[in-house]
Amino acid sequence: MHSENGTCKSILSFFHVSNALNNNVLKPLFLIYKDHHCNWINNCVGHANYKVFFVFVVYAVIACIYSLILLVGSLTNDSQNDKQHSADTFRVAYVISGLLLVPLSVALSVLLGWHIYLILQNKTTIE
């Protein structure tokens with residue numbers, strides 16, 4: 001489904017058809033089936049597999065939020081049992097994990113919110 005330069009073959013074929021005929025008859029068909037390449041799933045996303053992509057983003061957001069809850073719970077639990085010095089090394093690992101996890105959670109939540117908005121407006125990412 002991919003060409004040598006990382007774009008989807010369906011994009012290239014539709015561009016050739018669109019440029020060759022250059023009329024408005026193919027434009028709705030072009031917008032429905034035009035795919036784009038998503039680096040997160042290393043695949044083309046379009047009309048045929050948009051549901052799979054959306055569910056992937058939903059599960060990724062749920063996993064990030066769940067990980068944050070576990071991380072906060074572990075931090076509060078370890079701070080109450082701070083009798084051992086080895087807990088400090090775990091606390092550093094928790095803080096570093098949190099610093100990585102919070103921006104990822106925010107970015108994925110924004111992506112999910114944008115796609116929910118697009119679905120409710122009956123639009124695609126192209127429009």
# chains A, B, ... in the order shown; residues from 1 in each chain; ligands from 1
$ residues_around --residues "region 63-77 of chain A" --least-positions-apart "5" --cutoff "10 Å" --atoms "only C-alpha atoms" --output "NGL selection string"
:A and (57-58 or 82 or 87 or 90-92 or 94-95 or 97-98 or 101-102 or 104-106 or 108-109)
